[in-house]
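With mmCIF, C-alpha atoms; chains and numbers go by the auth columns inside, this is run_5.cif:
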```cif
data_query
loop_
_atom_site.group_PDB
_atom_site.id
_atom_site.type_symbol
_atom_site.label_atom_id
_atom_site.label_comp_id
_atom_site.label_asym_id
_atom_site.label_seq_id
_atom_site.Cartn_x
_atom_site.Cartn_y
_atom_site.Cartn_z
_atom_site.B_iso_or_equiv
_atom_site.auth_seq_id
_atom_site.auth_asym_id
ATOM 1 C CA MET A 1 -6.090 -7.384 -2.913 0.00 43 A
ATOM 2 C CA ALA A 2 -4.446 -4.940 -0.483 0.00 44 A
ATOM 3 C CA LEU A 3 -3.040 -3.111 -3.509 0.00 45 A
ATOM 4 C CA PHE A 4 -5.801 -3.427 -6.108 0.00 46 A
ATOM 5 C CA PHE A 5 -8.718 -2.815 -3.747 0.00 47 A
ATOM 6 C CA ASN A 6 -10.509 0.336 -4.884 0.00 48 A
ATOM 7 C CA SER A 7 -8.173 0.488 -7.907 0.00 49 A
ATOM 8 C CA GLY A 8 -5.293 1.198 -5.547 0.00 50 A
ATOM 9 C CA GLN A 9 -6.984 4.358 -4.267 0.00 51 A
ATOM 10 C CA SER A 10 -6.751 3.357 -0.618 0.00 52 A
ATOM 11 C CA CYS A 11 -4.549 5.318 1.764 0.00 53 A
ATOM 12 C CA CYS A 12 -3.208 2.138 3.368 0.00 54 A
ATOM 13 C CA GLY A 13 -2.965 0.172 0.134 0.00 55 A
ATOM 14 C CA ILE A 14 0.280 -1.641 -0.606 0.00 56 A
ATOM 15 C CA GLU A 15 2.596 0.546 -2.712 0.00 57 A
ATOM 16 C CA ARG A 16 5.681 -1.695 -3.025 0.00 58 A
ATOM 17 C CA ILE A 17 6.767 -5.224 -2.140 0.00 59 A
ATOM 18 C CA TYR A 18 10.104 -6.674 -1.054 0.00 60 A
ATOM 19 C CA VAL A 19 10.591 -10.414 -1.460 0.00 61 A
ATOM 20 C CA HIS A 20 13.494 -12.526 -0.259 0.00 62 A
ATOM 21 C CA ARG A 21 15.632 -13.502 -3.218 0.00 63 A
ATOM 22 C CA SER A 22 15.098 -17.209 -2.570 0.00 64 A
ATOM 23 C CA LEU A 23 11.342 -16.740 -3.085 0.00 65 A
ATOM 24 C CA TYR A 24 11.451 -13.908 -5.615 0.00 66 A
ATOM 25 C CA ASP A 25 10.897 -15.855 -8.849 0.00 67 A
ATOM 26 C CA ALA A 26 8.201 -18.037 -7.293 0.00 68 A
ATOM 27 C CA PHE A 27 6.408 -14.973 -5.945 0.00 69 A
ATOM 28 C CA LEU A 28 6.340 -13.267 -9.339 0.00 70 A
ATOM 29 C CA GLU A 29 5.187 -16.480 -11.031 0.00 71 A
ATOM 30 C CA ARG A 30 2.206 -16.723 -8.681 0.00 72 A
ATOM 31 C CA ALA A 31 1.449 -13.001 -8.574 0.00 73 A
ATOM 32 C CA LEU A 32 1.340 -12.449 -12.332 0.00 74 A
ATOM 33 C CA PRO A 33 -1.829 -14.454 -13.127 0.00 75 A
ATOM 34 C CA ILE A 34 -3.589 -12.839 -10.165 0.00 76 A
ATOM 35 C CA VAL A 35 -2.832 -9.346 -11.458 0.00 77 A
ATOM 36 C CA GLN A 36 -3.781 -10.339 -15.002 0.00 78 A
ATOM 37 C CA GLY A 37 -7.051 -11.817 -13.759 0.00 79 A
ATOM 38 C CA TYR A 38 -8.678 -8.593 -12.596 0.00 80 A
ATOM 39 C CA GLN A 39 -11.885 -7.756 -14.436 0.00 81 A
ATOM 40 C CA LEU A 40 -12.304 -4.046 -15.152 0.00 82 A
ATOM 41 C CA GLY A 41 -15.764 -2.594 -15.419 0.00 83 A
ATOM 42 C CA ASN A 42 -18.781 -1.018 -13.782 0.00 84 A
ATOM 43 C CA PRO A 43 -18.559 -1.547 -10.003 0.00 85 A
ATOM 44 C CA LEU A 44 -22.279 -2.395 -10.006 0.00 86 A
ATOM 45 C CA ASP A 45 -21.586 -5.417 -12.213 0.00 87 A
ATOM 46 C CA GLU A 46 -20.985 -8.542 -10.113 0.00 88 A
ATOM 47 C CA SER A 47 -18.276 -9.736 -12.513 0.00 89 A
ATOM 48 C CA THR A 48 -16.205 -6.585 -11.910 0.00 90 A
ATOM 49 C CA ASN A 49 -13.455 -6.753 -9.318 0.00 91 A
ATOM 50 C CA MET A 50 -11.614 -3.531 -10.183 0.00 92 A
ATOM 51 C CA GLY A 51 -13.298 -0.263 -10.979 0.00 93 A
ATOM 52 C CA PRO A 52 -12.194 3.029 -12.586 0.00 94 A
ATOM 53 C CA MET A 53 -9.941 5.787 -11.292 0.00 95 A
ATOM 54 C CA ALA A 54 -11.619 8.691 -9.512 0.00 96 A
ATOM 55 C CA GLN A 55 -9.378 11.469 -10.813 0.00 97 A
ATOM 56 C CA ALA A 56 -8.626 12.181 -14.460 0.00 98 A
ATOM 57 C CA THR A 57 -5.089 13.244 -13.533 0.00 99 A
ATOM 58 C CA ALA A 58 -4.364 9.792 -12.076 0.00 100 A
ATOM 59 C CA ILE A 59 -4.064 8.124 -15.485 0.00 101 A
ATOM 60 C CA PRO A 60 -1.159 10.178 -16.931 0.00 102 A
ATOM 61 C CA PHE A 61 0.551 10.204 -13.522 0.00 103 A
ATOM 62 C CA LEU A 62 0.548 6.401 -13.299 0.00 104 A
ATOM 63 C CA HIS A 63 1.582 6.074 -16.948 0.00 105 A
ATOM 64 C CA GLU A 64 4.601 8.328 -16.378 0.00 106 A
ATOM 65 C CA GLN A 65 5.591 6.370 -13.268 0.00 107 A
ATOM 66 C CA VAL A 66 5.584 3.111 -15.218 0.00 108 A
ATOM 67 C CA LYS A 67 7.484 4.553 -18.197 0.00 109 A
ATOM 68 C CA GLU A 68 10.102 6.061 -15.898 0.00 110 A
ATOM 69 C CA ALA A 69 10.598 2.759 -14.049 0.00 111 A
ATOM 70 C CA VAL A 70 11.005 0.814 -17.294 0.00 112 A
ATOM 71 C CA SER A 71 13.510 3.362 -18.595 0.00 113 A
ATOM 72 C CA MET A 72 15.536 2.800 -15.406 0.00 114 A
ATOM 73 C CA GLY A 73 15.624 -0.967 -15.760 0.00 115 A
ATOM 74 C CA ALA A 74 12.369 -2.264 -14.295 0.00 116 A
ATOM 75 C CA LYS A 75 10.736 -5.154 -16.130 0.00 117 A
ATOM 76 C CA LEU A 76 7.076 -4.646 -17.033 0.00 118 A
ATOM 77 C CA LEU A 77 5.326 -7.984 -16.524 0.00 119 A
ATOM 78 C CA CYS A 78 1.787 -6.823 -17.300 0.00 120 A
ATOM 79 C CA GLY A 79 -0.373 -3.724 -17.610 0.00 121 A
ATOM 80 C CA GLY A 80 1.244 -0.330 -17.607 0.00 122 A
ATOM 81 C CA GLU A 81 -1.212 1.411 -19.937 0.00 123 A
ATOM 82 C CA PRO A 82 -4.415 3.458 -19.752 0.00 124 A
ATOM 83 C CA THR A 83 -7.332 1.327 -20.821 0.00 125 A
ATOM 84 C CA ALA A 84 -11.130 0.969 -20.822 0.00 126 A
ATOM 85 C CA ASP A 85 -13.589 -1.739 -19.907 0.00 127 A
ATOM 86 C CA ALA A 86 -14.988 -4.354 -22.298 0.00 128 A
ATOM 87 C CA HIS A 87 -17.436 -1.760 -23.656 0.00 129 A
ATOM 88 C CA GLY A 88 -14.728 0.812 -24.339 0.00 130 A
ATOM 89 C CA LYS A 89 -15.867 2.972 -21.453 0.00 131 A
ATOM 90 C CA GLY A 90 -14.399 4.224 -18.214 0.00 132 A
ATOM 91 C CA ARG A 91 -11.311 5.840 -16.772 0.00 133 A
ATOM 92 C CA PHE A 92 -9.164 2.778 -16.112 0.00 134 A
ATOM 93 C CA PHE A 93 -5.504 1.934 -15.723 0.00 135 A
ATOM 94 C CA ALA A 94 -4.547 -1.659 -16.432 0.00 136 A
ATOM 95 C CA PRO A 95 -3.440 -3.605 -13.329 0.00 137 A
ATOM 96 C CA THR A 96 0.338 -3.383 -13.449 0.00 138 A
ATOM 97 C CA LEU A 97 3.142 -5.546 -12.103 0.00 139 A
ATOM 98 C CA LEU A 98 6.820 -4.603 -12.423 0.00 140 A
ATOM 99 C CA SER A 99 9.878 -6.501 -11.253 0.00 141 A
ATOM 100 C CA GLU A 100 13.519 -5.487 -10.771 0.00 142 A
ATOM 101 C CA CYS A 101 12.488 -2.173 -9.242 0.00 143 A
ATOM 102 C CA ASP A 102 14.658 0.030 -7.023 0.00 144 A
ATOM 103 C CA HIS A 103 14.427 3.250 -5.068 0.00 145 A
ATOM 104 C CA ARG A 104 15.586 5.482 -7.915 0.00 146 A
ATOM 105 C CA MET A 105 12.088 5.009 -9.337 0.00 147 A
ATOM 106 C CA SER A 106 9.240 7.255 -8.206 0.00 148 A
ATOM 107 C CA LEU A 107 6.782 4.346 -8.061 0.00 149 A
ATOM 108 C CA MET A 108 8.888 2.921 -5.222 0.00 150 A
ATOM 109 C CA MET A 109 9.218 6.234 -3.375 0.00 151 A
ATOM 110 C CA GLU A 110 6.001 8.158 -4.034 0.00 152 A
ATOM 111 C CA GLU A 111 2.402 7.186 -3.396 0.00 153 A
ATOM 112 C CA SER A 112 0.915 6.016 -6.668 0.00 154 A
ATOM 113 C CA PHE A 113 -2.684 5.669 -5.450 0.00 155 A
ATOM 114 C CA GLY A 114 -3.330 3.375 -8.386 0.00 156 A
ATOM 115 C CA PRO A 115 -3.133 -0.263 -9.509 0.00 157 A
ATOM 116 C CA VAL A 116 0.655 -0.227 -10.002 0.00 158 A
ATOM 117 C CA LEU A 117 2.959 -2.527 -8.055 0.00 159 A
ATOM 118 C CA GLY A 118 6.744 -2.544 -8.014 0.00 160 A
ATOM 119 C CA VAL A 119 8.625 -5.550 -6.607 0.00 161 A
ATOM 120 C CA LYS A 120 12.232 -5.687 -5.458 0.00 162 A
ATOM 121 C CA PRO A 121 14.294 -8.669 -4.226 0.00 163 A
ATOM 122 C CA VAL A 122 16.104 -8.486 -0.872 0.00 164 A
ATOM 123 C CA ASP A 123 18.653 -10.733 0.821 0.00 165 A
ATOM 124 C CA SER A 124 17.746 -10.282 4.486 0.00 166 A
ATOM 125 C CA ASP A 125 15.241 -8.934 6.989 0.00 167 A
ATOM 126 C CA GLU A 126 17.647 -6.097 7.724 0.00 168 A
ATOM 127 C CA GLU A 127 17.720 -5.030 4.082 0.00 169 A
ATOM 128 C CA ALA A 128 13.933 -5.206 3.894 0.00 170 A
ATOM 129 C CA VAL A 129 13.522 -3.030 7.000 0.00 171 A
ATOM 130 C CA ALA A 130 16.021 -0.469 5.699 0.00 172 A
ATOM 131 C CA LEU A 131 14.108 -0.209 2.419 0.00 173 A
ATOM 132 C CA MET A 132 10.731 -0.038 4.170 0.00 174 A
ATOM 133 C CA ASN A 133 12.028 2.875 6.245 0.00 175 A
ATOM 134 C CA ASP A 134 13.484 4.605 3.182 0.00 176 A
ATOM 135 C CA SER A 135 10.308 6.568 2.553 0.00 177 A
ATOM 136 C CA PRO A 136 8.879 9.979 3.391 0.00 178 A
ATOM 137 C CA TYR A 137 5.644 8.191 4.342 0.00 179 A
ATOM 138 C CA GLY A 138 4.766 5.794 7.119 0.00 180 A
ATOM 139 C CA LEU A 139 1.127 4.766 7.464 0.00 181 A
ATOM 140 C CA THR A 140 1.252 0.970 7.306 0.00 182 A
ATOM 141 C CA ALA A 141 3.645 -1.894 6.695 0.00 183 A
ATOM 142 C CA VAL A 142 3.173 -5.654 6.618 0.00 184 A
ATOM 143 C CA VAL A 143 5.292 -8.786 6.737 0.00 185 A
ATOM 144 C CA PHE A 144 4.204 -12.274 5.784 0.00 186 A
ATOM 145 C CA THR A 145 5.800 -14.942 7.942 0.00 187 A
ATOM 146 C CA SER A 146 4.909 -17.934 10.101 0.00 188 A
ATOM 147 C CA ASP A 147 7.364 -16.724 12.759 0.00 189 A
ATOM 148 C CA GLN A 148 5.656 -14.316 15.167 0.00 190 A
ATOM 149 C CA GLU A 149 8.854 -13.497 17.045 0.00 191 A
ATOM 150 C CA ARG A 150 10.554 -12.577 13.784 0.00 192 A
ATOM 151 C CA ALA A 151 7.626 -10.337 12.836 0.00 193 A
ATOM 152 C CA GLU A 152 7.665 -8.596 16.210 0.00 194 A
ATOM 153 C CA LYS A 153 11.384 -7.865 15.890 0.00 195 A
ATOM 154 C CA MET A 154 10.776 -6.288 12.495 0.00 196 A
ATOM 155 C CA ALA A 155 7.760 -4.372 13.799 0.00 197 A
ATOM 156 C CA ALA A 156 9.948 -2.697 16.410 0.00 198 A
ATOM 157 C CA LYS A 157 12.286 -1.434 13.679 0.00 199 A
ATOM 158 C CA VAL A 158 9.814 -0.383 10.973 0.00 200 A
ATOM 159 C CA ASN A 159 8.799 3.273 11.210 0.00 201 A
ATOM 160 C CA THR A 160 5.061 3.211 10.540 0.00 202 A
ATOM 161 C CA GLY A 161 1.870 4.014 12.400 0.00 203 A
ATOM 162 C CA THR A 162 0.485 0.495 11.971 0.00 204 A
ATOM 163 C CA PHE A 163 2.317 -2.770 11.444 0.00 205 A
ATOM 164 C CA PHE A 164 0.528 -5.877 10.153 0.00 206 A
ATOM 165 C CA MET A 165 1.512 -9.530 10.184 0.00 207 A
ATOM 166 C CA ASN A 166 -0.045 -11.753 7.511 0.00 208 A
ATOM 167 C CA ARG A 167 -2.802 -9.271 6.640 0.00 209 A
ATOM 168 C CA CYS A 168 -3.136 -5.824 5.113 0.00 210 A
ATOM 169 C CA ASP A 169 -5.567 -2.945 4.867 0.00 211 A
ATOM 170 C CA TYR A 170 -7.516 -3.971 7.969 0.00 212 A
ATOM 171 C CA LEU A 171 -8.936 -1.689 10.651 0.00 213 A
ATOM 172 C CA ASP A 172 -9.520 -2.520 14.297 0.00 214 A
ATOM 173 C CA PRO A 173 -11.606 -0.182 16.473 0.00 215 A
ATOM 174 C CA TYR A 174 -9.416 -0.990 19.475 0.00 216 A
ATOM 175 C CA LEU A 175 -6.218 0.194 17.797 0.00 217 A
ATOM 176 C CA PRO A 176 -5.181 3.765 16.870 0.00 218 A
ATOM 177 C CA TRP A 177 -5.002 4.679 13.193 0.00 219 A
ATOM 178 C CA THR A 178 -2.047 6.979 12.708 0.00 220 A
ATOM 179 C CA GLY A 179 1.037 7.520 10.592 0.00 221 A
ATOM 180 C CA VAL A 180 4.473 9.089 10.618 0.00 222 A
ATOM 181 C CA GLY A 181 6.370 11.389 8.281 0.00 223 A
ATOM 182 C CA ASN A 182 4.346 12.916 5.441 0.00 224 A
ATOM 183 C CA THR A 183 1.514 10.447 5.884 0.00 225 A
ATOM 184 C CA GLY A 184 -0.614 12.799 7.929 0.00 226 A
ATOM 185 C CA LYS A 185 -1.146 14.127 11.407 0.00 227 A
ATOM 186 C CA GLY A 186 -3.193 13.041 14.333 0.00 228 A
ATOM 187 C CA VAL A 187 -4.888 9.812 15.319 0.00 229 A
ATOM 188 C CA SER A 188 -8.269 8.368 14.446 0.00 230 A
ATOM 189 C CA LEU A 189 -10.190 5.292 15.586 0.00 231 A
ATOM 190 C CA SER A 190 -10.218 3.934 19.152 0.00 232 A
ATOM 191 C CA SER A 191 -10.200 6.052 22.302 0.00 233 A
ATOM 192 C CA HIS A 192 -6.973 7.639 21.049 0.00 234 A
ATOM 193 C CA GLY A 193 -8.906 9.180 18.180 0.00 235 A
ATOM 194 C CA PHE A 194 -11.356 10.879 20.523 0.00 236 A
ATOM 195 C CA ASP A 195 -8.512 12.507 22.460 0.00 237 A
ATOM 196 C CA GLY A 196 -7.789 14.824 19.539 0.00 238 A
ATOM 197 C CA VAL A 197 -11.307 16.263 19.356 0.00 239 A
ATOM 198 C CA VAL A 198 -12.140 16.731 23.024 0.00 240 A
ATOM 199 C CA ARG A 199 -10.951 19.175 25.673 0.00 241 A
ATOM 200 C CA LEU A 200 -10.130 17.892 29.118 0.00 242 A
ATOM 201 C CA LYS A 201 -11.868 19.478 32.071 0.00 243 A
ATOM 202 C CA GLY A 202 -10.925 18.837 35.655 0.00 244 A
ATOM 203 C CA HIS A 203 -13.437 18.625 38.525 0.00 245 A
ATOM 204 C CA HIS A 204 -11.717 19.158 41.877 0.00 246 A
ATOM 205 C CA LEU A 205 -14.302 18.616 44.640 0.00 247 A
ATOM 206 C CA LYS A 206 -13.656 18.949 48.371 0.00 248 A
ATOM 207 C CA LEU A 207 -16.347 16.993 50.130 0.00 249 A
ATOM 208 C CA GLU A 208 -15.710 18.315 53.674 0.00 250 A
ATOM 209 C CA THR A 209 -16.704 21.877 54.511 0.00 251 A
#
```
As a first step, turn the structure in this file into C-alpha cells.
Amino acid sequence: MALFFNSGQSCCGIERIYVHRSLYDAFLERALPIVQGYQLGNPLDESTNMGPMAQATAIPFLHEQVKEAVSMGAKLLCGGEPTADAHGKGRFFAPTLLSECDHRMSLMMEESFGPVLGVKPVDSDEEAVALMNDSPYGLTAVVFTSDQERAEKMAAKVNTGTFFMNRCDYLDPYLPWTGVGNTGKGVSLSSHGFDGVVRLKGHHLKLET
C-alpha cells in the first residue's frame, strides 16, 4: 500500500524494494497477487482501491521507464501499460511489478511517482544500505525486521530524513518531516517545522534599577 496509495503519487511512497536473496522468490510470489488485485476506477466508488493519474504526462513517462527496464533485463511480472477502468474511462497506469532490476534503470534511480515497483535481490544488510544510499533523493526509507537492534544499526547508516521500521508512509506530529539530497529543503511538522517560519526575538530585562 505504501507504493500504490494515491496511484503512487505520494512523495514518501515506496519507489524500489530490496529483498534478501533467501526470501526473494517468496516475496515476489506473495507480492504478485496483491499488485494484480488492485481495482482501478472512480475514487468515489467503494470498490475502487486505486485511482487515476493526476498528470497526463505521467502515463508516457511511466511507460518509458518500464520499457527501458525490460530492455535492460528486468522481468515484467504484471502491468506495465497505460490502461482505463472497467468502463473504458480514466487516465490510469496498470499496477506494475518488475523483478531482476538494477541501478542502471531509471525506475530504480528516479522518482516514478506512479504505480511502478522495481525489486532487486541483495545478499546482506550492507549491500542493501549501499543501494538505498545510491540515490540523489533521501526522504524516507524503511526496513522490515523483527530485530530492533538490527534496524537501528541500519537507520544510522541510511541517508534519509525519516527512517521507518515495519511501517511506511506514516506521519507523526512529534517528529520532523525532512529529507536530504534533491528531496527538498527545510523541515515541516513538529516544533522543528515552526522554526523555519518564525523569527526569534530576545527579551533582555534587568529587574533592578
> For Thr220 (chain A), which of A:Met151, A:Cys53, A:Val239, A:Val164 is the closest residue, counting all atoms listed in the file?
Replying inline: A:Cys53
>> Can you measure CA of Phe186 (chain A) to CA of Asn208 (chain A) for me? One decimal in Å is fine.
In response: 4.6 Å
>> Just to confirm, what's the straight-line distance from CA of Arg209 (chain A) to CA of Val184 (chain A) in Å (one decimal)?
In response: 7.0 Å
>> Please determine, counting only C-alpha atoms, which residue among A:His129, A:His105, A:His145, A:Lys162 has the shortest atom-to-atom distance to Leu65 (chain A).
In response: A:Lys162
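Distances from A:Glu168, A:Asp189, A:Glu142, A:Asp214 to Tyr66 (chain A) were compared using only C-alpha atoms, and the smallest one belongs to A:Glu142.
Coordinates place CA of Ser49 (chain A) at a distance of 6.0 Å from CA of Gly93 (chain A).
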> Could you write out as a ChimeraX atom specification the residues that the PyMOL selection byres ((chain A and resi 207) around 12) matches in the shown file?
Replying inline: /A:182-197,204-206,208-212
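With only C-alpha atoms as the atoms that count, the minimum distance from Arg146 (chain A) to the choices A:Gly160, A:Gly55, A:Gly228, A:Pro75 is reached by A:Gly160.
When only C-alpha atoms are used to measure the gap to Gly132 (chain A), the shortest distance among A:Pro163, A:Met150, A:Leu217, A:Asn84 belongs to A:Asn84.
Distances from A:Val158, A:Leu86, A:Leu247, A:Leu45 to Glu106 (chain A) were compared using only C-alpha atoms, and the smallest one belongs to A:Val158.
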>> Report as an NGL selection string all protein, DNA and RNA residues lying within 8 Å of region 173-179 of chain A, evaluated on all atoms listed in the file, omitting residues in the same chain fewer than 5 positions from it.
In response: :A and (151 or 200-202 or 221-225)
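When the PyMOL selection byres ((chain A and resi 118) around 8) is evaluated against the file, it yields Val112, Ala116, Lys117, Leu119, Cys120, Gly121, Gly122, Thr138, Leu139, Leu140 and Ser141 of chain A.
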Saved selection, atoms kept: C-alpha atoms, as a CSV table (one decimal), in the frame of the given file:
```
chain,number,residue,atom,x,y,z
A,112,VAL,CA,11.0,0.8,-17.3
A,116,ALA,CA,12.4,-2.3,-14.3
A,117,LYS,CA,10.7,-5.2,-16.1
A,119,LEU,CA,5.3,-8.0,-16.5
A,120,CYS,CA,1.8,-6.8,-17.3
A,121,GLY,CA,-0.4,-3.7,-17.6
A,122,GLY,CA,1.2,-0.3,-17.6
A,138,THR,CA,0.3,-3.4,-13.4
A,139,LEU,CA,3.1,-5.5,-12.1
A,140,LEU,CA,6.8,-4.6,-12.4
A,141,SER,CA,9.9,-6.5,-11.3
```
Got a sec: who's within 8 Å of Phe135 (chain A), counting all atoms listed in the file, leaving out chain neighbours fewer than 3 positions off, as a PDB file with C-alpha atoms, in the frame of the given file?
```pdb
ATOM      1  CA  PRO A  94     -12.194   3.029 -12.586  1.00  0.00           C
ATOM      2  CA  MET A  95      -9.941   5.787 -11.292  1.00  0.00           C
ATOM      3  CA  ILE A 101      -4.064   8.124 -15.485  1.00  0.00           C
ATOM      4  CA  LEU A 104       0.548   6.401 -13.299  1.00  0.00           C
ATOM      5  CA  GLY A 121      -0.373  -3.724 -17.610  1.00  0.00           C
ATOM      6  CA  GLY A 122       1.244  -0.330 -17.607  1.00  0.00           C
ATOM      7  CA  GLU A 123      -1.212   1.411 -19.937  1.00  0.00           C
ATOM      8  CA  PRO A 124      -4.415   3.458 -19.752  1.00  0.00           C
ATOM      9  CA  THR A 125      -7.332   1.327 -20.821  1.00  0.00           C
ATOM     10  CA  ALA A 126     -11.130   0.969 -20.822  1.00  0.00           C
ATOM     11  CA  GLY A 156      -3.330   3.375  -8.386  1.00  0.00           C
ATOM     12  CA  PRO A 157      -3.133  -0.263  -9.509  1.00  0.00           C
TER      13      PRO A 157
END
```
Taking all atoms of region 205-224 of chain A that the file lists, what box with edges along x, y and z, padded by 4 Å per side, do you get, with centre and edge lengths in Å to one decimal, as lines of an AutoDock Vina configuration file?
```
center_x = -2.6
center_y = 0.6
center_z = 12.2
size_x = 26.0
size_y = 32.7
size_z = 22.6
```
>> At a cut-off of 9 Å, using all atoms listed in the file, what residues contact Ser154 (chain A)? Leave out same-chain residues fewer than 4 positions from it and give the result as a PyMOL selection string.
In response: chain A and resi 50-51+57+100+103-104+107+148-150+158-159
Would you kindly translate the PyMOL selection byres ((chain A and resi 229) around 10) into the concrete residues it picks from this file, as an mmCIF file with C-alpha atoms, in the coordinates of the input?
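Generated file (expr13.cif):
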```cif
data_model
loop_
_atom_site.group_PDB
_atom_site.id
_atom_site.type_symbol
_atom_site.label_atom_id
_atom_site.label_comp_id
_atom_site.auth_asym_id
_atom_site.auth_seq_id
_atom_site.Cartn_x
_atom_site.Cartn_y
_atom_site.Cartn_z
ATOM 1 C CA GLY A 203 1.870 4.014 12.400
ATOM 2 C CA PRO A 218 -5.181 3.765 16.870
ATOM 3 C CA TRP A 219 -5.002 4.679 13.193
ATOM 4 C CA THR A 220 -2.047 6.979 12.708
ATOM 5 C CA GLY A 221 1.037 7.520 10.592
ATOM 6 C CA GLY A 226 -0.614 12.799 7.929
ATOM 7 C CA LYS A 227 -1.146 14.127 11.407
ATOM 8 C CA GLY A 228 -3.193 13.041 14.333
ATOM 9 C CA SER A 230 -8.269 8.368 14.446
ATOM 10 C CA LEU A 231 -10.190 5.292 15.586
ATOM 11 C CA SER A 232 -10.218 3.934 19.152
ATOM 12 C CA SER A 233 -10.200 6.052 22.302
ATOM 13 C CA HIS A 234 -6.973 7.639 21.049
ATOM 14 C CA GLY A 235 -8.906 9.180 18.180
ATOM 15 C CA PHE A 236 -11.356 10.879 20.523
ATOM 16 C CA ASP A 237 -8.512 12.507 22.460
ATOM 17 C CA GLY A 238 -7.789 14.824 19.539
ATOM 18 C CA VAL A 239 -11.307 16.263 19.356
#
```
>> Could you list, as number ranges by chain, every residue within 6 Å of Val161 (chain A), counting all atoms listed in the file and ignoring same-chain residues fewer than 3 positions away?
In response: A: 59-60, 141, 143
Could you rebuild region 229-241 of chain A with N, CA and C atoms and give it back as an mmCIF file, keeping the file's coordinate frame?
```
data_model
loop_
_atom_site.group_PDB
_atom_site.id
_atom_site.type_symbol
_atom_site.label_atom_id
_atom_site.label_comp_id
_atom_site.auth_asym_id
_atom_site.auth_seq_id
_atom_site.Cartn_x
_atom_site.Cartn_y
_atom_site.Cartn_z
ATOM 1 N N VAL A 229 -4.507 11.205 15.103
ATOM 2 C CA VAL A 229 -4.888 9.812 15.319
ATOM 3 C C VAL A 229 -6.393 9.700 15.170
ATOM 4 N N SER A 230 -6.837 8.645 14.513
ATOM 5 C CA SER A 230 -8.269 8.368 14.446
ATOM 6 C C SER A 230 -8.519 6.942 14.909
ATOM 7 N N LEU A 231 -9.757 6.586 15.048
ATOM 8 C CA LEU A 231 -10.190 5.292 15.586
ATOM 9 C C LEU A 231 -9.793 5.146 17.051
ATOM 10 N N SER A 232 -10.470 4.289 17.762
ATOM 11 C CA SER A 232 -10.218 3.934 19.152
ATOM 12 C C SER A 232 -10.339 5.154 20.065
ATOM 13 N N SER A 233 -10.127 4.943 21.348
ATOM 14 C CA SER A 233 -10.200 6.052 22.302
ATOM 15 C C SER A 233 -9.140 7.105 22.013
ATOM 16 N N HIS A 234 -8.026 6.687 21.390
ATOM 17 C CA HIS A 234 -6.973 7.639 21.049
ATOM 18 C C HIS A 234 -7.466 8.670 20.034
ATOM 19 N N GLY A 235 -8.360 8.264 19.161
ATOM 20 C CA GLY A 235 -8.906 9.180 18.180
ATOM 21 C C GLY A 235 -9.771 10.254 18.807
ATOM 22 N N PHE A 236 -10.507 9.900 19.859
ATOM 23 C CA PHE A 236 -11.356 10.879 20.523
ATOM 24 C C PHE A 236 -10.532 11.940 21.258
ATOM 25 N N ASP A 237 -9.327 11.570 21.695
ATOM 26 C CA ASP A 237 -8.512 12.507 22.460
ATOM 27 C C ASP A 237 -8.216 13.780 21.679
ATOM 28 N N GLY A 238 -8.141 13.674 20.352
ATOM 29 C CA GLY A 238 -7.789 14.824 19.539
ATOM 30 C C GLY A 238 -8.931 15.798 19.313
ATOM 31 N N VAL A 239 -10.159 15.393 19.636
ATOM 32 C CA VAL A 239 -11.307 16.263 19.356
ATOM 33 C C VAL A 239 -12.086 16.612 20.620
ATOM 34 N N VAL A 240 -11.490 16.361 21.770
ATOM 35 C CA VAL A 240 -12.140 16.731 23.024
ATOM 36 C C VAL A 240 -11.183 17.586 23.846
ATOM 37 N N ARG A 241 -11.745 18.353 24.763
ATOM 38 C CA ARG A 241 -10.951 19.175 25.673
ATOM 39 C C ARG A 241 -11.146 18.649 27.083
#
```
